[in-house]
Amino acid sequence: MIELAGISKTFKGKQGSIHALKNVSLSVKKGEIYGVIGYSGAGKSTLIRCVNLLEKPDTGSVKVKGIDLTKLSTKKLREARSNIGMIFQGFNLLKTATVYENIALPLKLAGFSKKEVEERVKKYIKIVGLDEKHHAYPAELSGGQKQRVAIARALAFEPEVLLSDEATSALDPDTTEAILELLLKINKELGITILLITHEMNVIQRICDRVAVMEKGEVIEEGKTKDLFTSPQHPTTKRFVSNLFTHKIPNDMLEKLNESGQVVTLSFFGESSGEPALATVTKKFDIYPNILSGSITHLKEDTFGQLVVHMKGDPAEIHKAIRYLEQDQVHVEGVKISDENKRVS
Ligand SMILES: Nc1ncnc2c1ncn2[C@@H]1O[C@H](COP(=O)(O)OP(=O)(O)OP(=O)(O)O)[C@@H](O)[C@H]1O
């Protein structure tokens, strides 16, 4: 649905050139939710703005549904853009217009008939759950409600692609969760392909099928969200994942426990596969596992769990137990003593 190939973008500033994007390529399939994550300045905003050509790349092609937008005339580009909705961190609502008008005005300007405008506004206000708020002004709405209006405004054009530029970054955790649920609903029920940028790993974890990690204008790692959680490769990806699971085992405790066995992190998918596997190895091998900490979190279509376990026993038995767990689809990693003392590396 979206194909970016060899995108580069340089900004000329007072202090010289800034290479915001360096030869970035990525591909988003139809019906997918694709996330781009990176720390501030990584180039995420520039990248997403290149998709609808709010920012024109210096080199590379931007294909949406097979059409290279960089090659289109102004008129054709305007048409192509109507198939690409966008939502922003700051909502971008008209303060002096009601919820209804905020959604209706862009449609009117685009030439939709009065009847069509009315039908679409009503339909999408309902979909985003703001039926009671037709006549409210933005100042009377919470952050989450404002983002719902912005989503309805984007959906009213019935686009096949929705771009989300840090849409939940200004919201509290509960409201973020509700907006992510809404994005999931839009993706599933309306079949809209979503490309989002974020600096929050929980957004990726909760709704994205695939993810690209950006740093200094480049994609440093890319893959299925599931794979990134179990075996992140790049140190930056590892940092993002470990920030989500902070199983803090104090260094002195770790040293002591390692004298009588090994402390490991077990990562697994599915709500219950970790503990039953652990129960089985206890029966099969001469080891005594003790759970030190654990957590389970929801991915888009799965659950992901981590247990930090002290495996007490003979090293040969522990080794056999670990092999057994790995064959049972449990990812096992030793917990190292670290400066940060957060989690596994
Ligand atoms: N219009 C511009 N003029 C000059 N430099 C720019 C411009 N837009 C972005 N940059 C620079 O390009 C780099 C990438 O910026 P970008 O906003 O794409 O990163 P980001 O990952 O979205 O960061 P943030 O999360 O802080 O928005 C930064 O160094 C930024 O200062």
# chains A, B, ... in the order shown; residues from 1 in each chain; ligands from 1
call {"tool": "residues_near_ligand", "arguments": {"ligand": "ligand 1", "cutoff": "7 Å", "atoms": "only C-alpha atoms and all ligand atoms", "output": "MDAnalysis selection string"}}
result
chainID A and resid 11:13 18:20 38:47 199 217
call {"tool": "residues_around", "arguments": {"residues": "A:Glu221", "least_positions_apart": "6", "cutoff": "9 Å", "atoms": "only C-alpha atoms", "output": "PyMOL selection string"}}
result
chain A and resi 211-214+228+232-234+237
call {"tool": "write_last_selection", "arguments": {"atoms": "N, CA and C atoms", "output": "JSON list (two decimals), in the first residue's frame"}}
result
[["chain", "number", "residue", "atom", "x", "y", "z"],
["A", 211, "VAL", "N", 7.19, -3.06, 12.73],
["A", 211, "VAL", "CA", 7.78, -1.83, 13.26],
["A", 211, "VAL", "C", 9.16, -1.58, 12.64],
["A", 212, "ALA", "N", 9.46, -0.31, 12.44],
["A", 212, "ALA", "CA", 10.81, 0.10, 12.04],
["A", 212, "ALA", "C", 11.36, 0.97, 13.16],
["A", 213, "VAL", "N", 12.61, 0.75, 13.53],
["A", 213, "VAL", "CA", 13.25, 1.58, 14.54],
["A", 213, "VAL", "C", 14.19, 2.53, 13.82],
["A", 214, "MET", "N", 14.04, 3.82, 14.12],
["A", 214, "MET", "CA", 14.88, 4.82, 13.44],
["A", 214, "MET", "C", 15.88, 5.47, 14.39],
["A", 228, "LEU", "N", 10.62, -8.38, 17.40],
["A", 228, "LEU", "CA", 11.40, -7.32, 18.04],
["A", 228, "LEU", "C", 11.37, -7.46, 19.57],
["A", 232, "PRO", "N", 15.38, -8.41, 20.17],
["A", 232, "PRO", "CA", 15.85, -7.14, 19.61],
["A", 232, "PRO", "C", 17.35, -7.22, 19.35],
["A", 233, "GLN", "N", 17.80, -6.68, 18.21],
["A", 233, "GLN", "CA", 19.22, -6.81, 17.84],
["A", 233, "GLN", "C", 20.02, -5.56, 18.17],
["A", 234, "HIS", "N", 19.51, -4.41, 17.74],
["A", 234, "HIS", "CA", 20.27, -3.17, 17.89],
["A", 234, "HIS", "C", 20.16, -2.66, 19.35],
["A", 237, "THR", "N", 17.05, -0.62, 20.03],
["A", 237, "THR", "CA", 15.82, -1.41, 20.10],
["A", 237, "THR", "C", 15.76, -2.09, 21.47]]
call {"tool": "select_by_dssp", "arguments": {"residues": "stretch 213-278 of chain A", "states": "strand (DSSP E or B)", "output": "list in words"}}
result
Val213, Met214, Glu215, Glu218, Val219, Ile220, Glu221, Glu222, Gly223, Lys224, Gly261, Gln262, Val263, Val264, Thr265, Leu266, Ser267, Phe268 and Phe269 of chain A
call {"tool": "closest_residue", "arguments": {"among": "A:Ser82, A:Gly143, A:Leu195, A:Lys248", "to": "A:Glu3", "atoms": "only C-alpha atoms"}}
result
A:Leu195
call {"tool": "residues_around", "arguments": {"residues": "A:Asp165", "least_positions_apart": "3", "cutoff": "7 Å", "atoms": "only C-alpha atoms", "output": "ChimeraX atom specification"}}
result
/A:45,87-89,196-197
call {"tool": "select_by_dssp", "arguments": {"residues": "stretch 238-300 of chain A", "states": "alpha helix (DSSP H)", "output": "PyMOL selection string"}}
result
chain A and resi 238-244+251-259+274-284
call {"tool": "write_last_selection", "arguments": {"atoms": "N, CA and C atoms", "output": "compact mmCIF listing (two decimals), in the first residue's frame"}}
result
# COMPACT_ATOMS: atom_id res chain seq x y z
N LYS A 238 16.90 -2.60 21.92
CA LYS A 238 16.94 -3.25 23.23
C LYS A 238 16.52 -2.28 24.33
N ARG A 239 16.95 -1.03 24.18
CA ARG A 239 16.59 -0.02 25.18
C ARG A 239 15.08 0.22 25.20
N PHE A 240 14.49 0.33 23.99
CA PHE A 240 13.04 0.54 23.92
C PHE A 240 12.29 -0.61 24.58
N VAL A 241 12.72 -1.84 24.27
CA VAL A 241 12.01 -3.00 24.81
C VAL A 241 12.22 -3.08 26.32
N SER A 242 13.46 -2.85 26.76
CA SER A 242 13.71 -3.02 28.20
C SER A 242 13.03 -1.93 29.03
N ASN A 243 12.77 -0.77 28.41
CA ASN A 243 12.03 0.27 29.14
C ASN A 243 10.61 -0.16 29.45
N LEU A 244 10.11 -1.08 28.64
CA LEU A 244 8.74 -1.54 28.84
C LEU A 244 8.67 -2.60 29.94
N ASN A 251 21.87 -5.89 41.99
CA ASN A 251 23.12 -6.57 41.64
C ASN A 251 23.59 -7.56 42.70
N ASP A 252 23.55 -7.13 43.99
CA ASP A 252 24.06 -8.02 45.02
C ASP A 252 23.21 -9.28 45.14
N MET A 253 21.91 -9.13 44.93
CA MET A 253 21.00 -10.28 44.98
C MET A 253 21.30 -11.22 43.81
N LEU A 254 21.54 -10.61 42.66
CA LEU A 254 21.83 -11.38 41.45
C LEU A 254 23.10 -12.21 41.64
N GLU A 255 24.12 -11.56 42.22
CA GLU A 255 25.39 -12.26 42.46
C GLU A 255 25.19 -13.46 43.37
N LYS A 256 24.40 -13.24 44.40
CA LYS A 256 24.17 -14.30 45.38
C LYS A 256 23.39 -15.47 44.74
N LEU A 257 22.35 -15.11 43.99
CA LEU A 257 21.53 -16.15 43.37
C LEU A 257 22.33 -16.96 42.34
N ASN A 258 23.22 -16.28 41.63
CA ASN A 258 23.99 -16.97 40.60
C ASN A 258 24.97 -18.00 41.20
N GLU A 259 25.25 -17.87 42.50
CA GLU A 259 26.14 -18.85 43.16
C GLU A 259 25.46 -20.22 43.25
N GLY A 274 4.15 -19.76 29.61
CA GLY A 274 5.35 -19.65 30.44
C GLY A 274 5.31 -20.53 31.67
N GLU A 275 4.24 -20.39 32.44
CA GLU A 275 4.18 -21.12 33.70
C GLU A 275 4.04 -22.63 33.53
N PRO A 276 3.15 -23.11 32.61
CA PRO A 276 3.08 -24.57 32.44
C PRO A 276 4.42 -25.15 32.00
N ALA A 277 5.14 -24.44 31.12
CA ALA A 277 6.44 -24.94 30.66
C ALA A 277 7.39 -25.05 31.85
N LEU A 278 7.31 -24.07 32.72
CA LEU A 278 8.17 -24.06 33.90
C LEU A 278 7.81 -25.22 34.84
N ALA A 279 6.51 -25.48 34.97
CA ALA A 279 6.07 -26.59 35.82
C ALA A 279 6.59 -27.91 35.26
N THR A 280 6.58 -28.03 33.92
CA THR A 280 7.05 -29.26 33.29
C THR A 280 8.54 -29.48 33.54
N VAL A 281 9.35 -28.42 33.36
CA VAL A 281 10.79 -28.62 33.56
C VAL A 281 11.12 -28.97 35.02
N THR A 282 10.29 -28.48 35.93
CA THR A 282 10.51 -28.81 37.34
C THR A 282 10.35 -30.32 37.56
N LYS A 283 9.37 -30.91 36.85
CA LYS A 283 9.13 -32.35 36.99
C LYS A 283 10.19 -33.16 36.27
N LYS A 284 10.60 -32.68 35.10
CA LYS A 284 11.50 -33.45 34.23
C LYS A 284 12.96 -33.40 34.67
call {"tool": "residues_around", "arguments": {"residues": "stretch 294-310 of chain A", "least_positions_apart": "2", "cutoff": "7 Å", "atoms": "only C-alpha atoms", "output": "ChimeraX atom specification"}}
result
/A:205-209,257,261-271,289-292,312
call {"tool": "closest_residue", "arguments": {"among": "A:Leu54, A:Val121, A:Ile33, A:Ile287", "to": "A:Lys224", "atoms": "only C-alpha atoms"}}
result
A:Ile33
call {"tool": "residues_around", "arguments": {"residues": "stretch 179-189 of chain A", "least_positions_apart": "3", "cutoff": "10 Å", "atoms": "only C-alpha atoms", "output": "tab-separated table (two decimals) with C-alpha atoms, in the first residue's frame"}}
result
chain	number	residue	atom	x	y	z
A	31	GLY	CA	-4.54	-3.55	6.09
A	32	GLU	CA	-1.46	-3.39	8.26
A	33	ILE	CA	-0.68	-1.17	11.24
A	127	ILE	CA	-17.88	5.63	14.88
A	128	VAL	CA	-15.51	7.63	17.09
A	129	GLY	CA	-18.04	7.63	19.95
A	144	GLY	CA	-9.00	12.20	24.06
A	145	GLN	CA	-12.29	13.64	22.76
A	147	GLN	CA	-8.34	13.44	19.12
A	148	ARG	CA	-11.59	11.56	18.36
A	151	ILE	CA	-9.92	11.07	13.70
A	155	LEU	CA	-12.10	9.33	8.30
A	160	GLU	CA	-7.54	3.92	2.61
A	161	VAL	CA	-4.47	5.14	4.52
A	162	LEU	CA	-4.28	6.93	7.87
A	164	SER	CA	-0.68	9.15	12.72
A	167	ALA	CA	-1.42	10.96	18.04
A	168	THR	CA	-1.34	9.77	21.64
A	171	LEU	CA	-2.61	11.99	26.31
A	173	PRO	CA	-2.18	6.43	29.80
A	174	ASP	CA	-5.90	5.57	30.03
A	175	THR	CA	-6.87	7.96	27.24
A	176	THR	CA	-3.96	6.66	25.15
A	192	ILE	CA	-7.73	1.20	6.85
A	193	THR	CA	-3.96	0.84	6.61
A	194	ILE	CA	-2.25	2.81	9.38
A	203	VAL	CA	1.98	2.13	21.31
A	204	ILE	CA	3.98	-0.24	19.09
A	206	ARG	CA	-0.37	-2.58	21.64
A	207	ILE	CA	-1.41	-2.14	18.01
A	208	CYS	CA	1.41	-2.55	15.45
A	300	LYS	CA	-2.12	-6.52	18.72
call {"tool": "residues_around", "arguments": {"residues": "A:Leu77", "least_positions_apart": "2", "cutoff": "12 Å", "atoms": "only C-alpha atoms", "output": "ChimeraX atom specification"}}
result
/A:51-54,62-64,67-75,79-84
call {"tool": "closest_residue", "arguments": {"among": "A:Leu109, A:Ala156, A:Ala139, A:Val330", "to": "A:Lys126", "atoms": "only C-alpha atoms"}}
result
A:Ala156
call {"tool": "closest_residue", "arguments": {"among": "A:Glu166, A:Asp58, A:Glu326, A:Glu132", "to": "A:Gly90", "atoms": "only C-alpha atoms"}}
result
A:Glu166
call {"tool": "residues_around", "arguments": {"residues": "A:Ser142", "least_positions_apart": "4", "cutoff": "12 Å", "atoms": "only C-alpha atoms", "output": "number ranges by chain"}}
result
A: 91, 130, 133, 136-138, 146-149, 170-172, 175
call {"tool": "atom_distance", "arguments": {"atom1": "atom CA of A:Leu190", "atom2": "atom CA of A:Glu222"}}
result
26.1 Å
call {"tool": "closest_residue", "arguments": {"among": "A:Phe285, A:Leu26, A:Gln15, A:His135", "to": "A:Lys320", "atoms": "only C-alpha atoms"}}
result
A:Phe285
call {"tool": "closest_residue", "arguments": {"among": "A:Glu200, A:Ser169, A:Ala110, A:Ile103", "to": "A:Lys122", "atoms": "only C-alpha atoms"}}
result
A:Ile103
